[in-house]
>>> print(open('model.txt').read())   # compact mmCIF, C-alpha atoms
# COMPACT_ATOMS: atom_id res chain seq x y z
CA MET K 1 23.21 24.84 9.58
CA ILE K 2 23.08 27.10 12.61
CA ASN K 3 21.70 26.01 15.91
CA ASN K 4 22.25 28.46 18.74
CA TYR K 5 22.67 26.76 22.08
CA SER K 6 23.93 27.63 25.53
CA GLN K 7 27.58 26.89 26.07
CA ASN K 8 28.89 24.37 28.58
CA ASN K 9 29.80 25.89 31.94
CA ASN K 10 33.46 25.10 31.37
CA LEU K 11 33.49 27.09 28.13
CA ILE K 12 33.60 30.84 27.89
CA SER K 13 30.40 32.48 26.74
CA PHE K 14 30.69 34.18 23.37
CA LYS K 15 28.16 36.13 21.37
CA GLN K 16 25.97 34.51 18.76
CA LEU K 17 27.65 33.82 15.43
CA ASN K 18 26.39 36.36 12.88
CA PHE K 19 26.57 36.34 9.09
CA LYS K 20 26.66 38.84 6.25
CA ASN K 21 26.06 38.50 2.53
CA LEU K 22 28.68 39.67 0.03
CA ASN K 23 27.78 39.31 -3.66
CA GLY K 24 25.65 36.26 -2.93
CA ILE K 25 28.24 34.60 -0.64
CA LYS K 26 27.35 34.06 3.02
CA LEU K 27 30.22 34.91 5.36
CA PHE K 28 30.60 34.85 9.14
CA GLU K 29 31.23 38.34 10.54
CA GLY K 30 33.82 37.22 13.05
CA ILE K 31 34.45 34.38 15.47
CA HIS K 32 35.83 34.76 18.97
CA CYS K 33 36.89 31.30 20.09
CA LYS K 34 39.08 29.70 22.71
CA ALA K 35 41.26 26.68 22.06
CA PRO K 36 41.00 24.00 24.75
CA LYS K 37 44.02 23.83 27.02
CA LYS K 38 46.53 21.08 26.38
CA ASN K 39 46.35 17.87 28.34
CA LEU K 40 48.54 17.80 31.47
CA SER K 41 49.07 21.54 31.18
CA ASN K 42 47.99 24.25 33.59
CA GLU K 43 48.24 26.85 30.85
CA PRO K 44 44.77 27.98 29.70
CA GLY K 45 43.73 27.66 26.07
CA LYS K 46 44.43 30.60 23.77
CA ASP K 47 41.80 33.15 22.76
CA TYR K 48 41.57 33.54 18.98
CA PHE K 49 39.72 35.94 16.71
CA VAL K 50 38.88 34.53 13.28
CA LYS K 51 37.70 36.77 10.45
CA ILE K 52 37.06 36.35 6.74
CA GLU K 53 37.81 39.11 4.25
CA ASN K 54 37.63 39.68 0.52
CA ASP K 55 40.45 41.45 -1.30
CA TYR K 56 39.99 42.58 -4.91
CA THR K 57 39.09 39.34 -6.69
CA PRO K 58 35.40 38.48 -6.05
CA GLU K 59 35.92 34.73 -5.63
CA GLU K 60 39.01 34.94 -3.39
CA PHE K 61 38.78 35.26 0.39
CA TYR K 62 41.22 35.26 3.29
CA ILE K 63 40.52 33.71 6.67
CA ASN K 64 42.81 35.41 9.18
CA ILE K 65 43.37 34.67 12.85
CA ASP K 66 44.60 37.05 15.57
CA ASP K 67 45.47 36.53 19.22
CA ASN K 68 43.88 38.51 22.05
CA HIS K 69 46.45 41.28 21.55
CA TYR K 70 45.32 41.70 17.90
CA ASN K 71 48.57 40.23 16.58
CA GLU K 72 48.14 38.26 13.37
CA ILE K 73 48.98 34.59 13.94
CA GLY K 74 48.20 33.10 10.57
CA GLY K 75 45.78 32.84 7.70
CA SER K 76 44.44 30.84 4.81
CA LYS K 77 43.35 31.70 1.30
CA ILE K 78 40.19 30.12 -0.11
CA ILE K 79 38.85 30.37 -3.65
CA PHE K 80 35.25 29.75 -4.66
CA LYS K 81 35.29 27.59 -7.81
CA LYS K 82 32.36 27.34 -10.24
CA ASP K 83 31.98 23.58 -9.70
CA LYS K 84 30.83 24.12 -6.08
CA THR K 85 34.35 23.57 -4.82
CA LEU K 86 36.15 25.65 -2.22
CA TYR K 87 39.87 25.51 -2.97
CA ASN K 88 42.15 26.07 0.01
CA GLU K 89 45.24 27.53 -1.65
CA ASP K 90 47.20 28.10 1.54
CA ILE K 91 47.03 27.74 5.32
CA TYR K 92 49.79 28.82 7.69
CA VAL K 93 50.53 29.75 11.28
CA LYS K 94 53.23 32.42 11.62
CA LYS K 95 54.49 31.57 15.06
CA ASN K 96 55.46 28.43 16.92
CA ASN K 97 52.70 25.81 16.64
CA LEU K 98 53.23 24.71 20.24
CA LYS K 99 52.79 28.26 21.51
CA TYR K 100 49.69 28.84 19.40
CA SER K 101 48.14 25.41 19.66
CA GLY K 102 44.69 25.29 18.09
CA ALA K 103 45.15 28.22 15.68
CA GLY K 104 45.13 25.96 12.61
CA THR K 105 42.03 24.18 13.89
CA ALA K 106 40.21 27.49 14.40
CA MET K 107 40.93 28.47 10.77
CA ARG K 108 39.84 25.06 9.52
CA LEU K 109 36.52 25.34 11.38
CA GLY K 110 36.00 28.73 9.73
CA GLN K 111 36.49 27.07 6.33
CA ILE K 112 34.00 24.33 7.16
CA ILE K 113 31.39 26.87 8.29
CA THR K 114 31.91 28.75 4.99
CA MET K 115 31.48 25.54 2.99
CA LEU K 116 28.28 24.52 4.77
CA GLU K 117 26.65 27.94 4.76
CA ASN K 118 27.18 28.31 1.00
CA ASP K 119 26.17 24.73 0.12
CA ILE K 120 29.61 23.94 -1.28
CA ASP K 121 30.17 20.29 -2.19
CA LYS K 122 33.80 19.99 -1.12
CA ILE K 123 37.01 21.65 0.01
CA LYS K 124 40.10 20.72 -2.02
CA LEU K 125 43.77 21.42 -1.39
CA TYR K 126 47.28 20.27 -2.12
CA SER K 127 48.99 19.16 1.07
CA LEU K 128 52.71 19.15 1.69
CA GLY K 129 53.88 15.89 3.19
CA SER K 130 54.50 17.62 6.52
CA ALA K 131 50.84 18.75 6.69
CA VAL K 132 49.07 15.56 5.53
CA HIS K 133 48.41 14.37 9.09
CA PHE K 134 47.02 17.77 10.11
CA HIS K 135 44.49 17.72 7.26
CA SER K 136 43.61 14.06 7.81
CA LYS K 137 42.58 14.91 11.40
CA PHE K 138 39.68 16.82 9.86
CA LYS K 139 38.64 13.82 7.71
CA PHE K 140 40.32 15.09 4.54
CA GLU K 141 40.79 12.15 2.18
CA PRO K 142 43.68 11.54 -0.22
CA ASP K 143 42.77 12.49 -3.80
CA VAL K 144 45.62 10.86 -5.74
CA ASN K 145 44.56 10.27 -9.34
CA ASN K 146 47.54 8.29 -10.64
CA PRO K 147 47.74 4.55 -9.75
CA ILE K 148 51.53 4.65 -10.08
CA ASP K 149 51.75 7.39 -7.45
CA LEU K 150 49.30 5.50 -5.25
CA GLN K 151 51.42 2.37 -5.54
CA THR K 152 54.46 4.33 -4.36
CA TYR K 153 52.64 5.50 -1.23
CA LEU K 154 51.16 2.08 -0.50
CA LYS K 155 54.50 0.30 -0.91
CA ASN K 156 56.75 2.83 0.79
CA ASP K 157 54.43 3.95 3.60
CA ILE K 158 52.02 1.08 4.30
CA ILE K 159 53.38 -2.29 3.19
CA MET K 160 56.66 -1.45 4.91
CA LYS K 161 54.69 -1.42 8.21
CA GLU K 162 53.43 -5.02 7.82
CA SER K 163 55.37 -6.19 10.90
CA ASP K 164 53.64 -3.53 13.04
CA LYS K 165 50.50 -5.12 14.54
CA ARG K 166 48.69 -1.77 14.42
CA PHE K 167 49.03 -1.70 10.61
CA GLU K 168 49.07 -5.40 9.81
CA GLU K 169 45.60 -5.55 8.22
CA ILE K 170 46.06 -2.32 6.24
CA ALA K 171 49.42 -3.55 4.94
CA LYS K 172 47.71 -6.74 3.78
CA GLU K 173 45.05 -4.70 1.95
CA ALA K 174 47.75 -2.57 0.34
CA ALA K 175 49.65 -5.66 -0.87
CA GLU K 176 46.45 -7.13 -2.33
CA TRP K 177 45.75 -3.81 -4.07
CA CYS K 178 49.19 -3.90 -5.72
CA ASP K 179 48.43 -7.39 -7.07
CA LYS K 180 44.99 -6.52 -8.45
CA LYS K 181 44.95 -6.62 -12.26
CA ASN K 182 41.37 -7.08 -13.44
CA ILE K 183 39.79 -3.86 -12.16
CA SER K 184 39.19 -0.60 -13.95
CA TYR K 185 41.40 2.47 -13.65
CA GLU K 186 38.66 4.27 -11.70
CA GLU K 187 38.17 1.39 -9.27
CA LYS K 188 41.92 1.04 -8.76
CA VAL K 189 42.27 4.74 -7.89
CA LYS K 190 39.20 4.78 -5.63
CA LEU K 191 40.31 1.71 -3.68
CA GLY K 192 43.92 2.91 -3.39
CA ASN K 193 42.84 6.25 -1.93
CA LYS K 194 40.51 4.43 0.48
CA ILE K 195 43.39 2.30 1.79
CA LEU K 196 45.65 5.36 2.12
CA TYR K 197 42.90 7.19 4.03
CA LYS K 198 42.48 4.24 6.37
CA TYR K 199 46.22 4.28 7.03
CA LEU K 200 46.19 8.01 7.85
CA GLN K 201 43.25 7.60 10.23
CA THR K 202 45.08 4.79 12.02
CA ILE K 203 48.06 7.11 12.48
CA ASN K 204 45.67 9.63 14.07
CA LYS K 205 44.16 6.91 16.25
CA TYR K 206 47.53 6.00 17.73
CA LYS K 207 48.73 9.64 17.88
CA LEU K 208 51.72 9.01 15.63
CA ASN K 209 51.34 12.28 13.72
CA PHE K 210 54.71 13.67 14.79
CA ASP K 211 56.62 10.38 14.73
CA GLY K 212 59.32 10.62 12.06
CA ASN K 213 58.69 7.00 11.04
CA PHE K 214 55.20 7.92 9.85
CA GLN K 215 55.82 11.12 7.91
CA ILE K 216 54.53 11.22 4.32
CA CYS K 217 56.75 12.36 1.47
CA PRO K 218 55.97 13.92 -0.91
CA GLY K 219 52.52 15.39 -0.42
CA PHE K 220 49.37 14.98 -2.51
CA ASN K 221 45.93 16.41 -3.26
CA MET K 222 43.29 16.00 -0.55
CA VAL K 223 39.54 16.57 -0.42
CA LEU K 224 36.89 17.03 2.27
CA THR K 225 33.35 16.57 0.99
CA LYS K 226 30.23 18.05 2.53
CA ASP K 227 28.85 14.51 2.83
CA LYS K 228 31.93 13.51 4.84
CA VAL K 229 31.37 16.43 7.22
CA LEU K 230 27.69 15.59 7.65
CA LYS K 231 28.43 11.92 8.30
CA ASN K 232 30.93 12.99 10.96
CA LYS K 233 28.80 15.79 12.40
CA GLU K 234 29.32 14.62 15.99
CA PHE K 235 33.09 14.93 15.58
CA PHE K 236 32.83 18.45 14.13
CA ASN K 237 30.12 19.59 16.57
CA ASN K 238 32.39 18.48 19.39
CA LEU K 239 35.18 20.64 17.97
CA PHE K 240 32.86 23.65 17.66
CA GLU K 241 31.83 23.19 21.29
CA LYS K 242 35.41 22.73 22.53
CA PHE K 243 36.41 25.99 20.85
CA GLY K 244 33.37 27.85 22.17
CA ILE K 245 31.95 28.48 18.68
CA ASP K 246 28.17 28.94 18.67
CA TYR K 247 27.57 26.74 15.64
CA LYS K 248 26.12 23.27 15.24
CA ILE K 249 25.57 20.97 12.28
CA ASN K 250 22.00 19.71 12.20
CA ASP K 251 20.83 16.17 11.63
CA LEU K 252 20.90 15.01 7.99
CA SER K 253 17.10 14.85 7.99
CA ASP K 254 16.89 18.57 8.74
CA LEU K 255 19.01 19.68 5.79
>>> encode(input="model.txt", output="structure tokens")
Amino acid sequence: MINNYSQNNNLISFKQLNFKNLNGIKLFEGIHCKAPKKNLSNEPGKDYFVKIENDYTPEEFYINIDDNHYNEIGGSKIIFKKDKTLYNEDIYVKKNNLKYSGAGTAMRLGQIITMLENDIDKIKLYSLGSAVHFHSKFKFEPDVNNPIDLQTYLKNDIIMKESDKRFEEIAKEAAEWCDKKNISYEEKVKLGNKILYKYLQTINKYKLNFDGNFQICPGFNMVLTKDKVLKNKEFFNNLFEKFGIDYKINDLSDL
């Protein structure tokens, strides 16, 4: 998965990303990255230091992030499951998100590197409603297994937006889904999650993530598969480059 390459001139030059092996698990030794500065802001992007550590339980790890003064900003707990799943039990940023813009992204990229380097099939998590849009930015898909719950989201969050031209087609799909009778339970769930994912991606497209009219409540399970990451490798490689992380996802044919 690694491809060392020279950084763009407008990115700071960081050392090559190194790895260590702990009880058969491949872990990055530490990542020094720099969040891109905000648009229309003269303030430079923040320097972050991302590390992954094991506590006492062999399958549990903590990805922590510090600022350039070695102050802890936040962290996330990940658990290696036996079914080739990486479960993200928690992710948080201690201080003001606006002040430490990019800290959550840096931790998420560390999780994705860990998934790819250990040939994990997917990352799963339960998202609070307030964090759904953050996770969906990284292509996490809804993983709602109950059609009744799905119907609630589609009716309350999508069909209600039918008069909004940006969501007109998705609202139509959601209404048709609610009327479908002659499909299996599995098909109903799969299609409902697909429509909900499409809705979330449209919110990202129009940058409505912080608009109170588009907040999701309550939250639900979400999943990011390795296949989804590989199919969107240009998106993730662009993020690695923007943050000055010496890591690149290869072409599918090279894996």
>>> closest_atom_pairs(input="model.txt", of="region 88-161 of chain K", to="region 167-189 of chain K", cutoff="10 Å", atoms="all atoms listed in the file", output="tab-separated table")
residue	atom	partner	partner_atom	distance
K:Asp143	CA	K:Val189	CA	8.8
K:Val144	CA	K:Val189	CA	7.3
K:Asn145	CA	K:Val189	CA	6.2
K:Asn146	CA	K:Val189	CA	6.9
K:Pro147	CA	K:Val189	CA	5.8
K:Ile148	CA	K:Val189	CA	9.5
K:Asp149	CA	K:Val189	CA	9.9
K:Leu150	CA	K:Val189	CA	7.5
K:Gln151	CA	K:Cys178	CA	6.7
K:Thr152	CA	K:Cys178	CA	9.9
K:Tyr153	CA	K:Ala174	CA	9.6
K:Leu154	CA	K:Ala174	CA	5.8
K:Lys155	CA	K:Ala174	CA	7.4
K:Asp157	CA	K:Ala171	CA	9.1
K:Ile158	CA	K:Ala171	CA	5.3
K:Ile159	CA	K:Ala171	CA	4.5
K:Met160	CA	K:Ala171	CA	7.5
K:Lys161	CA	K:Phe167	CA	6.2
>>> write_last_selection(input="model.txt", atoms="C-alpha atoms", output="compact mmCIF listing (two decimals), in the frame of the given file")
# COMPACT_ATOMS: atom_id res chain seq x y z
CA ASP K 143 42.77 12.49 -3.80
CA VAL K 144 45.62 10.86 -5.74
CA ASN K 145 44.56 10.27 -9.34
CA ASN K 146 47.54 8.29 -10.64
CA PRO K 147 47.74 4.55 -9.75
CA ILE K 148 51.53 4.65 -10.08
CA ASP K 149 51.75 7.39 -7.45
CA LEU K 150 49.30 5.50 -5.25
CA GLN K 151 51.42 2.37 -5.54
CA THR K 152 54.46 4.33 -4.36
CA TYR K 153 52.64 5.50 -1.23
CA LEU K 154 51.16 2.08 -0.50
CA LYS K 155 54.50 0.30 -0.91
CA ASP K 157 54.43 3.95 3.60
CA ILE K 158 52.02 1.08 4.30
CA ILE K 159 53.38 -2.29 3.19
CA MET K 160 56.66 -1.45 4.91
CA LYS K 161 54.69 -1.42 8.21
>>> atom_distance(input="model.txt", atom1="CA of Lys122 (chain K)", atom2="CA of Phe19 (chain K)")
20.6 Å
>>> atom_distance(input="model.txt", atom1="CA of Ser101 (chain K)", atom2="CA of Leu196 (chain K)")
26.8 Å
>>> closest_residue(input="model.txt", among="K:Phe80, K:Tyr126, K:Tyr247, K:Phe236", to="Arg108 (chain K)", atoms="all atoms listed in the file")
K:Phe236
>>> residues_around(input="model.txt", residues="region 26-38 of chain K", least_positions_apart="5", cutoff="10 Å", atoms="all atoms listed in the file", output="number ranges by chain")
K: 11-21, 43-53, 61, 63-68, 98, 100-103, 105-107, 110, 113-119, 239-246
>>> closest_residue(input="model.txt", among="K:Leu109, K:Lys94, K:Tyr87, K:Tyr56", to="Glu72 (chain K)", atoms="only C-alpha atoms")
K:Lys94
>>> closest_residue(input="model.txt", among="K:Ile123, K:Ala131, K:Ile203, K:Ile216", to="Gln111 (chain K)", atoms="all atoms listed in the file")
K:Ile123
>>> closest_residue(input="model.txt", among="K:Gly129, K:Gly192, K:Pro58, K:Gly74", to="Asn221 (chain K)", atoms="all atoms listed in the file")
K:Gly129
>>> atom_distance(input="model.txt", atom1="CA of Glu141 (chain K)", atom2="CA of Thr225 (chain K)")
8.7 Å
>>> residues_around(input="model.txt", residues="Asn204 (chain K)", least_positions_apart="3", cutoff="8 Å", atoms="only C-alpha atoms", output="ChimeraX atom specification")
/K:133,136-137,200-201,207-209
>>> closest_residue(input="model.txt", among="K:Gln215, K:Thr202, K:Asn54, K:Asn23", to="Ser130 (chain K)", atoms="only C-alpha atoms")
K:Gln215
>>> build_atoms(input="model.txt", residues="region 129-158 of chain K", atoms="N, CA and C atoms", output="compact mmCIF listing (two decimals), keeping the file's coordinate frame")
# COMPACT_ATOMS: atom_id res chain seq x y z
N GLY K 129 53.78 17.10 2.40
CA GLY K 129 53.88 15.89 3.19
C GLY K 129 53.84 16.17 4.68
N SER K 130 54.45 17.27 5.10
CA SER K 130 54.50 17.62 6.52
C SER K 130 53.14 18.00 7.09
N ALA K 131 52.16 18.30 6.22
CA ALA K 131 50.84 18.75 6.69
C ALA K 131 49.75 17.71 6.47
N VAL K 132 50.08 16.58 5.85
CA VAL K 132 49.07 15.56 5.53
C VAL K 132 48.32 15.10 6.79
N HIS K 133 49.06 14.87 7.87
CA HIS K 133 48.41 14.37 9.09
C HIS K 133 47.51 15.43 9.72
N PHE K 134 47.89 16.70 9.60
CA PHE K 134 47.02 17.77 10.11
C PHE K 134 45.69 17.76 9.37
N HIS K 135 45.73 17.71 8.04
CA HIS K 135 44.49 17.72 7.26
C HIS K 135 43.67 16.45 7.49
N SER K 136 44.35 15.32 7.64
CA SER K 136 43.61 14.06 7.81
C SER K 136 42.85 14.04 9.14
N LYS K 137 43.31 14.83 10.12
CA LYS K 137 42.58 14.91 11.40
C LYS K 137 41.17 15.43 11.19
N PHE K 138 40.99 16.24 10.15
CA PHE K 138 39.68 16.82 9.86
C PHE K 138 38.93 16.03 8.78
N LYS K 139 39.30 14.75 8.62
CA LYS K 139 38.64 13.82 7.71
C LYS K 139 38.91 14.10 6.24
N PHE K 140 39.92 14.92 5.93
CA PHE K 140 40.32 15.09 4.54
C PHE K 140 40.82 13.75 4.01
N GLU K 141 40.41 13.41 2.80
CA GLU K 141 40.79 12.15 2.18
C GLU K 141 41.83 12.37 1.09
N PRO K 142 42.75 11.43 0.90
CA PRO K 142 43.68 11.54 -0.22
C PRO K 142 42.91 11.58 -1.55
N ASP K 143 43.41 12.36 -2.48
CA ASP K 143 42.77 12.49 -3.80
C ASP K 143 43.85 12.32 -4.87
N VAL K 144 44.53 11.17 -4.81
CA VAL K 144 45.62 10.86 -5.74
C VAL K 144 45.02 10.19 -6.96
N ASN K 145 45.24 10.75 -8.14
CA ASN K 145 44.56 10.27 -9.34
C ASN K 145 45.40 9.33 -10.20
N ASN K 146 46.65 9.13 -9.85
CA ASN K 146 47.54 8.29 -10.64
C ASN K 146 47.85 6.99 -9.89
N PRO K 147 47.48 5.82 -10.44
CA PRO K 147 47.74 4.55 -9.75
C PRO K 147 49.22 4.31 -9.46
N ILE K 148 50.10 4.82 -10.33
CA ILE K 148 51.53 4.65 -10.08
C ILE K 148 51.96 5.39 -8.82
N ASP K 149 51.44 6.62 -8.66
CA ASP K 149 51.75 7.39 -7.45
C ASP K 149 51.16 6.70 -6.22
N LEU K 150 49.93 6.21 -6.37
CA LEU K 150 49.30 5.50 -5.25
C LEU K 150 50.13 4.28 -4.84
N GLN K 151 50.61 3.55 -5.83
CA GLN K 151 51.42 2.37 -5.54
C GLN K 151 52.67 2.74 -4.75
N THR K 152 53.26 3.87 -5.08
CA THR K 152 54.46 4.33 -4.36
C THR K 152 54.14 4.56 -2.88
N TYR K 153 53.02 5.25 -2.61
CA TYR K 153 52.64 5.50 -1.23
C TYR K 153 52.32 4.20 -0.50
N LEU K 154 51.56 3.31 -1.16
CA LEU K 154 51.16 2.08 -0.50
C LEU K 154 52.36 1.18 -0.21
N LYS K 155 53.32 1.14 -1.12
CA LYS K 155 54.50 0.30 -0.91
C LYS K 155 55.45 0.91 0.12
N ASN K 156 55.74 2.20 -0.05
CA ASN K 156 56.75 2.83 0.79
C ASN K 156 56.25 3.19 2.19
N ASP K 157 54.94 3.49 2.31
CA ASP K 157 54.43 3.95 3.60
C ASP K 157 53.61 2.90 4.35
N ILE K 158 52.94 2.01 3.63
CA ILE K 158 52.02 1.08 4.30
C ILE K 158 52.56 -0.34 4.35
